[in-house]
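Novice: Got a structure for you, structure-v4.csv, holding CSV, C-alpha atoms and all ligand atoms.
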chain,number,residue,atom,x,y,z
A,162,MET,CA,8.8,-13.9,19.2
A,163,TYR,CA,9.7,-11.5,16.4
A,164,GLU,CA,11.5,-8.2,16.8
A,165,ARG,CA,8.8,-5.7,16.0
A,166,SER,CA,9.2,-4.2,12.5
A,167,ARG,CA,9.4,-0.5,12.1
A,168,ILE,CA,6.8,0.7,9.6
A,169,VAL,CA,6.5,4.1,8.0
A,170,VAL,CA,3.3,4.9,6.1
A,171,LEU,CA,3.3,7.2,3.1
A,172,ILE,CA,0.1,9.0,2.4
A,173,SER,CA,-1.3,11.8,0.2
A,174,GLY,CA,-4.8,12.3,1.5
A,175,ARG,CA,-7.6,10.8,3.6
A,176,GLY,CA,-5.6,8.1,5.3
A,177,SER,CA,-8.2,5.4,5.7
A,178,ASN,CA,-5.8,2.6,4.7
A,179,MET,CA,-3.3,4.1,7.2
A,180,SER,CA,-5.9,4.0,9.9
A,181,ALA,CA,-6.7,0.4,9.1
A,182,LEU,CA,-3.0,-0.4,9.4
A,183,LEU,CA,-2.7,1.5,12.7
A,184,ASP,CA,-5.6,-0.5,14.1
A,185,SER,CA,-4.1,-3.8,13.0
A,186,THR,CA,-0.6,-3.2,14.2
A,187,GLN,CA,-2.0,-2.4,17.7
A,188,VAL,CA,-3.9,-5.7,17.7
A,189,HIS,CA,-1.2,-7.9,16.3
A,190,CYS,CA,1.9,-6.4,18.0
A,191,VAL,CA,4.4,-7.6,15.4
A,192,ALA,CA,5.1,-4.1,14.0
A,193,ASP,CA,4.9,-0.5,15.0
A,194,VAL,CA,4.0,2.4,12.8
A,195,VAL,CA,6.8,4.7,13.7
A,196,GLY,CA,6.0,7.5,11.3
A,197,VAL,CA,3.6,8.8,8.7
A,198,VAL,CA,5.0,10.9,5.9
A,199,SER,CA,2.9,12.9,3.4
A,200,ASN,CA,3.7,14.8,0.3
A,201,GLN,CA,0.6,16.9,0.8
A,202,PRO,CA,0.6,19.3,3.8
A,203,THR,CA,-3.2,19.2,3.9
A,204,ALA,CA,-3.6,15.5,3.9
A,205,ALA,CA,-6.4,14.6,6.4
A,206,GLY,CA,-4.5,11.5,7.4
A,207,LEU,CA,-1.8,13.6,9.1
A,208,GLY,CA,-4.3,14.8,11.6
A,209,ILE,CA,-5.4,11.2,12.3
A,210,ALA,CA,-1.8,10.1,12.8
A,211,MET,CA,-1.1,13.0,15.1
A,212,ALA,CA,-4.2,12.3,17.2
A,213,ARG,CA,-2.8,8.8,17.6
A,214,SER,CA,0.6,10.2,18.7
A,215,ILE,CA,2.4,9.0,15.6
A,216,GLU,CA,5.3,11.0,14.4
A,217,THR,CA,4.5,12.8,11.2
A,218,ALA,CA,6.5,14.6,8.5
A,219,VAL,CA,5.6,16.5,5.3
A,220,VAL,CA,7.9,16.5,2.3
A,221,ASN,CA,5.9,18.7,-0.1
A,222,HIS,CA,6.7,17.9,-3.7
A,223,LYS,CA,5.9,21.5,-4.6
A,224,ASP,CA,9.0,22.6,-2.8
A,225,PHE,CA,11.3,20.8,-5.2
A,226,GLU,CA,12.4,21.5,-8.7
A,227,SER,CA,12.6,17.9,-9.9
A,228,ARG,CA,11.4,14.5,-9.1
A,229,ASP,CA,14.9,13.5,-8.2
A,230,ALA,CA,15.3,16.3,-5.7
A,231,PHE,CA,11.9,15.4,-4.1
A,232,ASP,CA,12.7,11.7,-3.9
A,233,GLU,CA,16.1,12.4,-2.3
A,234,ALA,CA,14.5,14.6,0.3
A,235,LEU,CA,11.8,12.0,0.9
A,236,SER,CA,14.4,9.2,1.3
A,237,ALA,CA,16.3,11.4,3.8
A,238,ALA,CA,13.1,12.0,5.8
A,239,LEU,CA,12.4,8.2,5.7
A,240,GLU,CA,15.9,7.2,6.7
A,241,ALA,CA,15.6,9.3,9.8
A,242,LEU,CA,12.8,7.1,10.9
A,243,ARG,CA,14.8,3.9,10.3
A,244,PRO,CA,12.0,1.9,8.7
A,245,ASP,CA,12.1,-1.9,8.0
A,246,LEU,CA,9.1,-1.4,5.7
A,247,LEU,CA,7.5,1.5,3.8
A,248,VAL,CA,3.8,1.1,3.2
A,249,LEU,CA,2.3,3.3,0.5
A,250,ALA,CA,-1.3,3.8,1.5
A,251,GLY,CA,-2.8,6.2,-1.0
A,252,PHE,CA,0.5,7.9,-1.8
A,253,MET,CA,-0.1,9.6,-5.1
A,254,ARG,CA,3.4,10.3,-6.4
A,255,ILE,CA,5.3,8.5,-9.1
A,256,LEU,CA,8.7,7.5,-7.7
A,257,THR,CA,12.0,7.7,-9.4
A,258,PRO,CA,14.1,4.5,-10.2
A,259,ALA,CA,16.7,5.7,-7.8
A,260,PHE,CA,14.1,5.8,-5.0
A,261,THR,CA,12.6,2.4,-5.8
A,262,ALA,CA,16.1,0.9,-6.0
A,263,ARG,CA,17.0,2.4,-2.6
A,264,TRP,CA,14.0,0.8,-0.9
A,265,GLN,CA,13.6,-2.3,-3.1
A,266,GLY,CA,12.1,-5.2,-1.2
A,267,GLN,CA,11.0,-2.9,1.6
A,268,MET,CA,8.0,-1.2,0.0
A,269,LEU,CA,4.4,-2.4,-0.3
A,270,ASN,CA,1.6,-0.5,-2.1
A,271,ILE,CA,-2.2,-0.9,-2.1
A,272,HIS,CA,-3.8,-0.4,-5.5
A,273,PRO,CA,-7.5,-0.3,-6.1
A,274,SER,CA,-7.8,-2.7,-9.0
A,275,LEU,CA,-7.2,-6.3,-9.9
A,276,LEU,CA,-3.6,-5.8,-11.2
A,277,PRO,CA,-2.4,-6.1,-13.9
A,278,ALA,CA,-5.7,-4.6,-14.9
A,279,TYR,CA,-6.0,-0.8,-14.5
A,280,PRO,CA,-2.7,0.4,-13.3
A,281,GLY,CA,-2.6,4.2,-12.7
A,282,LEU,CA,-5.5,6.5,-11.9
A,283,HIS,CA,-9.3,6.4,-12.1
A,284,THR,CA,-9.5,2.6,-11.8
A,285,HIS,CA,-13.1,2.4,-10.7
A,286,ALA,CA,-14.4,4.6,-13.6
A,287,ARG,CA,-12.3,2.6,-16.1
A,288,ALA,CA,-13.7,-0.7,-14.7
A,289,LEU,CA,-17.3,0.6,-15.0
A,290,ALA,CA,-16.7,1.9,-18.5
A,291,ASP,CA,-15.5,-1.5,-19.6
A,292,GLY,CA,-18.5,-3.2,-18.1
A,293,VAL,CA,-16.4,-5.7,-16.1
A,294,CYS,CA,-18.3,-7.9,-13.6
A,295,GLU,CA,-15.5,-8.1,-11.1
A,296,HIS,CA,-13.2,-5.5,-9.7
A,297,GLY,CA,-11.0,-5.3,-6.6
A,298,ALA,CA,-7.7,-4.4,-5.0
A,299,THR,CA,-4.1,-5.6,-4.9
A,300,VAL,CA,-1.2,-5.4,-2.6
A,301,HIS,CA,2.1,-5.5,-4.4
A,302,PHE,CA,5.8,-4.9,-3.9
A,303,VAL,CA,6.8,-1.5,-5.3
A,304,THR,CA,9.4,-1.6,-8.1
A,305,SER,CA,10.3,1.0,-10.7
A,306,GLU,CA,7.3,0.0,-12.9
A,307,LEU,CA,4.2,1.9,-11.9
A,308,ASP,CA,1.8,-0.4,-10.1
A,309,GLY,CA,3.8,-3.2,-11.8
A,310,GLY,CA,5.8,-4.8,-9.0
A,311,PRO,CA,5.1,-8.5,-7.9
A,312,ALA,CA,1.6,-8.9,-6.7
A,313,ILE,CA,1.1,-10.4,-3.3
A,314,LEU,CA,-2.5,-10.4,-2.3
A,315,GLN,CA,-5.7,-9.7,-4.2
A,316,ALA,CA,-9.3,-9.2,-3.1
A,317,ARG,CA,-12.2,-9.4,-5.6
A,318,VAL,CA,-15.6,-7.7,-5.3
A,319,PRO,CA,-18.6,-8.0,-7.6
A,320,VAL,CA,-19.6,-5.0,-9.8
A,321,ARG,CA,-23.3,-4.6,-9.3
A,322,ALA,CA,-25.8,-3.4,-11.9
A,323,HIS,CA,-26.4,0.0,-10.4
A,324,ASP,CA,-22.9,0.7,-9.3
A,325,ASP,CA,-21.4,4.1,-9.8
A,326,GLU,CA,-17.8,5.2,-9.0
A,327,THR,CA,-18.7,6.0,-5.4
A,328,THR,CA,-20.5,2.7,-4.6
A,329,LEU,CA,-17.8,0.6,-6.3
A,330,ALA,CA,-15.0,2.5,-4.7
A,331,ALA,CA,-16.6,2.0,-1.2
A,332,ARG,CA,-16.9,-1.8,-1.8
A,333,VAL,CA,-13.3,-2.0,-2.9
A,334,LEU,CA,-12.1,0.1,0.0
A,335,GLU,CA,-13.6,-2.3,2.5
A,336,ARG,CA,-11.3,-5.0,1.1
A,337,GLU,CA,-8.3,-2.6,0.9
A,338,HIS,CA,-8.6,-2.2,4.7
A,339,GLU,CA,-8.3,-5.9,5.1
A,340,ILE,CA,-5.6,-6.9,2.6
A,341,LEU,CA,-3.1,-4.1,3.3
A,342,PRO,CA,-2.8,-5.0,7.0
A,343,LEU,CA,-2.7,-8.7,6.2
A,344,ALA,CA,0.1,-8.4,3.7
A,345,THR,CA,2.0,-6.1,6.1
A,346,ASN,CA,1.6,-8.6,8.8
A,347,TRP,CA,3.1,-11.3,6.6
A,348,PHE,CA,6.1,-9.1,5.9
A,349,ALA,CA,6.5,-8.1,9.6
A,350,THR,CA,6.5,-11.8,10.6
A,351,GLY,CA,9.1,-12.7,8.0
A,352,ARG,CA,6.7,-14.8,5.9
A,353,LEU,CA,6.8,-12.4,2.9
A,354,ARG,CA,9.8,-11.1,1.0
A,355,LEU,CA,11.0,-10.0,-2.4
A,356,LEU,CA,13.6,-12.1,-4.0
A,357,GLY,CA,14.9,-10.6,-7.2
A,358,ASN,CA,11.7,-9.7,-9.0
A,359,GLN,CA,9.5,-12.3,-7.3
A,360,ALA,CA,7.4,-12.3,-4.2
A,361,GLU,CA,7.9,-15.2,-1.9
A,362,LEU,CA,5.4,-16.2,0.8
A,363,ASP,CA,6.5,-18.9,3.3
A,364,ARG,CA,9.5,-19.6,1.0
A,365,VAL,CA,7.2,-20.4,-2.0
A,366,VAL,CA,7.4,-18.1,-5.0
A,367,LEU,CA,4.1,-16.5,-5.8
A,368,THR,CA,3.3,-17.0,-9.4
A,369,ALA,CA,0.0,-15.2,-8.9
A,370,PRO,CA,-1.3,-13.1,-6.0
A,371,VAL,CA,-2.9,-15.0,-3.1
A,372,PRO,CA,-6.7,-14.7,-3.5
A,373,TYR,CA,-7.8,-13.0,-0.2
A,374,GLU,CA,-11.2,-14.8,-0.2
A,375,GLU,CA,-9.4,-18.2,-0.2
A,376,SER,CA,-6.8,-17.3,2.3
A,377,THR,CA,-9.4,-16.2,4.9
A,378,GLY,CA,-12.8,-17.5,3.9
A,379,ALA,CA,-14.1,-14.0,3.5
A,380,THR,CA,-17.0,-13.5,1.1
A,381,THR,CA,-17.8,-10.5,-1.1
B,401,LIG,C1,-7.2,4.1,-1.9
B,401,LIG,O1,-8.3,3.6,-2.7
B,401,LIG,C2,-5.9,3.6,-2.5
B,401,LIG,O2,-5.9,2.3,-2.9
B,401,LIG,C3,-5.7,4.6,-3.6
B,401,LIG,O3,-6.1,5.8,-3.0
B,401,LIG,C4,-7.0,5.6,-2.0
B,401,LIG,C5,-6.5,6.2,-0.8
B,401,LIG,O4,-7.4,6.2,0.3
B,401,LIG,N1,-4.3,4.5,-4.1
B,401,LIG,P1,-7.0,6.4,1.8
B,401,LIG,O5,-6.2,7.7,1.8
B,401,LIG,O6,-6.2,5.2,2.2
B,401,LIG,O7,-8.3,6.6,2.5
Could I get this structure in the form of structure tokens?
Ligand code: GRF

Specialist:
Amino acid sequence: MYERSRIVVLISGRGSNMSALLDSTQVHCVADVVGVVSNQPTAAGLGIAMARSIETAVVNHKDFESRDAFDEALSAALEALRPDLLVLAGFMRILTPAFTARWQGQMLNIHPSLLPAYPGLHTHARALADGVCEHGATVHFVTSELDGGPAILQARVPVRAHDDETTLAARVLEREHEILPLATNWFATGRLRLLGNQAELDRVVLTAPVPYEESTGATT
């Protein structure tokens, strides 16, 4: 048996990835979501967390004069919750190097693209504009490089002829809801860790992210 990991989820909006994580932690019982923290007071995900009796906190970036001051306050709020792992689930703030250094090796992020393709915003629109035939989502460790930390798990989806941003985003989101809980579970059970700047799964360095479809037999 493992000691259950304490997870804090960081959100900025809707919170569907957070909900997927809450569902999965309840089923697998290797981790507890002990808090949800948002930088947006109006984030819909806060209401979902409260309805599920999860402790919530808001650290509004607008209340701070600098990124450093915001990140310091955020770290203090997080420390109060004593997390083993922070999961960034639609958290839309760029973090300072001081923050990423403080939580190095303890932070996962879900990003809606096949990293290293399309870091940053508007990933679905950019993929469609480029006419790519495949798109997807990636879970990675968070480092100081925006969407650039070691990739862990990646799910691919086809881009279909009549896709627009909405239909493509929905197809990717379905996979996000699967890969974020799975990678979190790997971390909580001690299978996944960050060593230096490399992700290690079952003591093997990942030279490329694990393809979700191969790891589970899922099809797109
Ligand atoms: C997700 O697509 C996530 O990958 C991106 O923002 C979206 C957040 O959705 N960074 P939700 O708040 O988890 O529903």

Novice: Can you work out which one of A:Asn270, A:Ser376, A:Ser236, A:Thr261 has the shortest atom-to-atom distance to ligand LIG 401 (chain B), counting all atoms listed in the file?

Specialist: A:Asn270

Novice: Within 9 Å of Leu275 in chain A, counting all atoms listed in the file, which residues show up once you throw out same-chain ones fewer than 3 positions away? Write them as a list in words, please.

Specialist: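 Surrounding residues, per the criterion: His272, Ala278, Tyr279, Pro280, Glu295, His296, Gly297, Ala298, Thr299, Gln315, Ala316 and Arg317 of chain A.
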
Novice: 6 Å from ligand LIG 401 (chain B) is the threshold here; counting all atoms listed in the file, which polymer residues fall inside it? Answer as a ChimeraX atom specification.

Specialist: /A:174-179,250-251,271-273,334

Novice: List the spatial neighbours of Leu269 in chain A as a list in words - criterion: any atom at most 7 Å away, only C-alpha atoms, same-chain residues fewer than 5 positions off excluded.

Specialist: Leu247, Val248, Leu249, Val300, His301, Phe302 and Val303 of chain A

Novice: Nearest to Glu326 in chain A: which of A:Ala360, A:His285, A:Val366, A:Ile340 is it, counting only C-alpha atoms?

Specialist: A:His285

Novice: Would you kindly identify which residues have an atom no farther than 12 Å from (-10.6, 6.3, -12.7), using all atoms listed in the file and the file's own coordinates, and write them out as an MDAnalysis selection string?

Specialist: chainID A and resid 272:274 279:291 325:327 329:330

Novice: Find the distance between CA of Trp264 in chain A and CA of Asp232 in chain A and write it in Å to one decimal.

Specialist: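 Those two atoms sit 11.4 Å apart.
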
Novice: Kindly indicate which residue among A:Thr350, A:Val318, A:Arg243, A:Asn200 lies nearest to Tyr373 in chain A, using all atoms listed in the file for the distances.

Specialist: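 Of the candidates, the smallest distance to Tyr373 in chain A is held by A:Val318.
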
Novice: What does the distance from CA of Val169 in chain A to CA of Glu375 in chain A come to in Å, to one decimal?

Specialist: 28.6 Å

Novice: With a distance cut-off of 10 Å and all atoms listed in the file, select the neighbouring residues of range 190-195 of chain A, excluding the residue or stretch itself and same-chain residues fewer than 4 positions from it, and output the selection as a ChimeraX atom specification.

Specialist: /A:162-170,179,182-183,185-186,210,214-217,242-248,345-350

Novice: Just the selected residues (C-alpha atoms), exported as an mmCIF file, in the coordinates of the input, please.

Specialist:
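Writing the result to selection.cif gives the following:
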data_model
loop_
_atom_site.group_PDB
_atom_site.id
_atom_site.type_symbol
_atom_site.label_atom_id
_atom_site.label_comp_id
_atom_site.auth_asym_id
_atom_site.auth_seq_id
_atom_site.Cartn_x
_atom_site.Cartn_y
_atom_site.Cartn_z
ATOM 1 C CA MET A 162 8.800 -13.900 19.200
ATOM 2 C CA TYR A 163 9.700 -11.500 16.400
ATOM 3 C CA GLU A 164 11.500 -8.200 16.800
ATOM 4 C CA ARG A 165 8.800 -5.700 16.000
ATOM 5 C CA SER A 166 9.200 -4.200 12.500
ATOM 6 C CA ARG A 167 9.400 -0.500 12.100
ATOM 7 C CA ILE A 168 6.800 0.700 9.600
ATOM 8 C CA VAL A 169 6.500 4.100 8.000
ATOM 9 C CA VAL A 170 3.300 4.900 6.100
ATOM 10 C CA MET A 179 -3.300 4.100 7.200
ATOM 11 C CA LEU A 182 -3.000 -0.400 9.400
ATOM 12 C CA LEU A 183 -2.700 1.500 12.700
ATOM 13 C CA SER A 185 -4.100 -3.800 13.000
ATOM 14 C CA THR A 186 -0.600 -3.200 14.200
ATOM 15 C CA ALA A 210 -1.800 10.100 12.800
ATOM 16 C CA SER A 214 0.600 10.200 18.700
ATOM 17 C CA ILE A 215 2.400 9.000 15.600
ATOM 18 C CA GLU A 216 5.300 11.000 14.400
ATOM 19 C CA THR A 217 4.500 12.800 11.200
ATOM 20 C CA LEU A 242 12.800 7.100 10.900
ATOM 21 C CA ARG A 243 14.800 3.900 10.300
ATOM 22 C CA PRO A 244 12.000 1.900 8.700
ATOM 23 C CA ASP A 245 12.100 -1.900 8.000
ATOM 24 C CA LEU A 246 9.100 -1.400 5.700
ATOM 25 C CA LEU A 247 7.500 1.500 3.800
ATOM 26 C CA VAL A 248 3.800 1.100 3.200
ATOM 27 C CA THR A 345 2.000 -6.100 6.100
ATOM 28 C CA ASN A 346 1.600 -8.600 8.800
ATOM 29 C CA TRP A 347 3.100 -11.300 6.600
ATOM 30 C CA PHE A 348 6.100 -9.100 5.900
ATOM 31 C CA ALA A 349 6.500 -8.100 9.600
ATOM 32 C CA THR A 350 6.500 -11.800 10.600
#

Novice: CA of Phe260 in chain A and CA of Val198 in chain A are how many Å apart?

Specialist: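 Between CA of Phe260 in chain A and CA of Val198 in chain A the gap works out to 15.1 Å.
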
Novice: Between A:Cys294, A:Val365, A:Ala205, A:Leu256, single out the one closest to Asp324 in chain A, counting all atoms listed in the file.

Specialist: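 For Asp324 in chain A, the nearest of the candidates is A:Cys294.
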
Novice: With only C-alpha atoms as the atoms that count, which of A:Pro370, A:Pro311, A:Pro342, A:Pro319 lies nearest to Val188 in chain A?

Specialist: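 Smallest separation from Val188 in chain A among the options: A:Pro342.
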
Novice: Using all atoms of range 202-210 of chain A listed in the file and a margin of 5 Å per side, can you give the axis-aligned box centre and edge lengths in Å to one decimal, as lines of an AutoDock Vina configuration file?

Specialist:
center_x = -2.9
center_y = 14.7
center_z = 8.3
size_x = 17.0
size_y = 19.2
size_z = 19.0

Novice: Add whatever atoms are absent from range 171-182 of chain A to reach all heavy atoms, and provide the output as a compact mmCIF listing (two decimals), in the frame of the given file.

Specialist:
# COMPACT_ATOMS: atom_id res chain seq x y z
N LEU A 171 3.32 6.03 3.98
CA LEU A 171 3.30 7.20 3.10
C LEU A 171 1.91 7.45 2.61
O LEU A 171 1.27 6.53 2.10
CB LEU A 171 4.26 6.98 1.90
CG LEU A 171 5.75 7.19 2.17
CD1 LEU A 171 6.33 5.99 2.88
CD2 LEU A 171 6.49 7.43 0.87
N ILE A 172 1.46 8.68 2.77
CA ILE A 172 0.10 9.00 2.40
C ILE A 172 0.09 10.32 1.55
O ILE A 172 1.08 11.07 1.54
CB ILE A 172 -0.84 9.21 3.60
CG1 ILE A 172 -0.34 10.37 4.48
CG2 ILE A 172 -0.95 7.94 4.41
CD1 ILE A 172 -1.34 10.82 5.54
N SER A 173 -1.07 10.56 0.91
CA SER A 173 -1.30 11.80 0.20
C SER A 173 -2.60 12.47 0.60
O SER A 173 -2.87 13.60 0.19
CB SER A 173 -1.22 11.68 -1.28
OG SER A 173 0.04 11.22 -1.71
N GLY A 174 -3.47 11.74 1.30
CA GLY A 174 -4.80 12.30 1.50
C GLY A 174 -5.51 11.78 2.74
O GLY A 174 -4.98 11.88 3.85
N ARG A 175 -6.67 11.17 2.51
CA ARG A 175 -7.60 10.80 3.60
C ARG A 175 -7.04 9.92 4.66
O ARG A 175 -7.33 10.09 5.84
CB ARG A 175 -8.77 10.09 2.83
CG ARG A 175 -9.88 9.56 3.61
CD ARG A 175 -10.91 8.99 2.65
NE ARG A 175 -10.34 7.93 1.80
CZ ARG A 175 -11.02 7.31 0.85
NH1 ARG A 175 -12.28 7.62 0.61
NH2 ARG A 175 -10.44 6.36 0.14
N GLY A 176 -6.28 8.93 4.28
CA GLY A 176 -5.60 8.10 5.30
C GLY A 176 -6.41 6.97 5.87
O GLY A 176 -6.09 6.47 6.95
N SER A 177 -7.44 6.49 5.15
CA SER A 177 -8.20 5.40 5.70
C SER A 177 -7.44 4.08 5.74
O SER A 177 -7.57 3.29 6.68
CB SER A 177 -9.57 5.24 5.01
OG SER A 177 -9.39 4.72 3.72
N ASN A 178 -6.63 3.84 4.72
CA ASN A 178 -5.80 2.60 4.70
C ASN A 178 -4.75 2.72 5.86
O ASN A 178 -4.44 1.73 6.52
CB ASN A 178 -5.12 2.42 3.39
CG ASN A 178 -6.03 1.72 2.41
OD1 ASN A 178 -6.34 0.55 2.57
ND2 ASN A 178 -6.49 2.45 1.40
N MET A 179 -4.20 3.91 6.05
CA MET A 179 -3.30 4.10 7.20
C MET A 179 -3.92 3.80 8.49
O MET A 179 -3.34 3.13 9.35
CB MET A 179 -2.78 5.58 7.13
CG MET A 179 -1.92 5.98 8.29
SD MET A 179 -2.01 7.76 8.61
CE MET A 179 -3.65 7.91 9.32
N SER A 180 -5.17 4.26 8.66
CA SER A 180 -5.90 4.00 9.90
C SER A 180 -6.10 2.51 10.12
O SER A 180 -5.94 2.00 11.24
CB SER A 180 -7.25 4.70 9.92
OG SER A 180 -7.09 6.07 9.89
N ALA A 181 -6.46 1.81 9.04
CA ALA A 181 -6.70 0.40 9.10
C ALA A 181 -5.37 -0.32 9.58
O ALA A 181 -5.38 -1.26 10.38
CB ALA A 181 -7.15 -0.19 7.81
N LEU A 182 -4.27 0.19 9.06
CA LEU A 182 -3.00 -0.40 9.40
C LEU A 182 -2.61 -0.09 10.87
O LEU A 182 -2.10 -0.96 11.59
CB LEU A 182 -1.92 0.22 8.48
CG LEU A 182 -0.65 -0.54 8.24
CD1 LEU A 182 -0.92 -1.95 7.80
CD2 LEU A 182 0.16 0.20 7.18
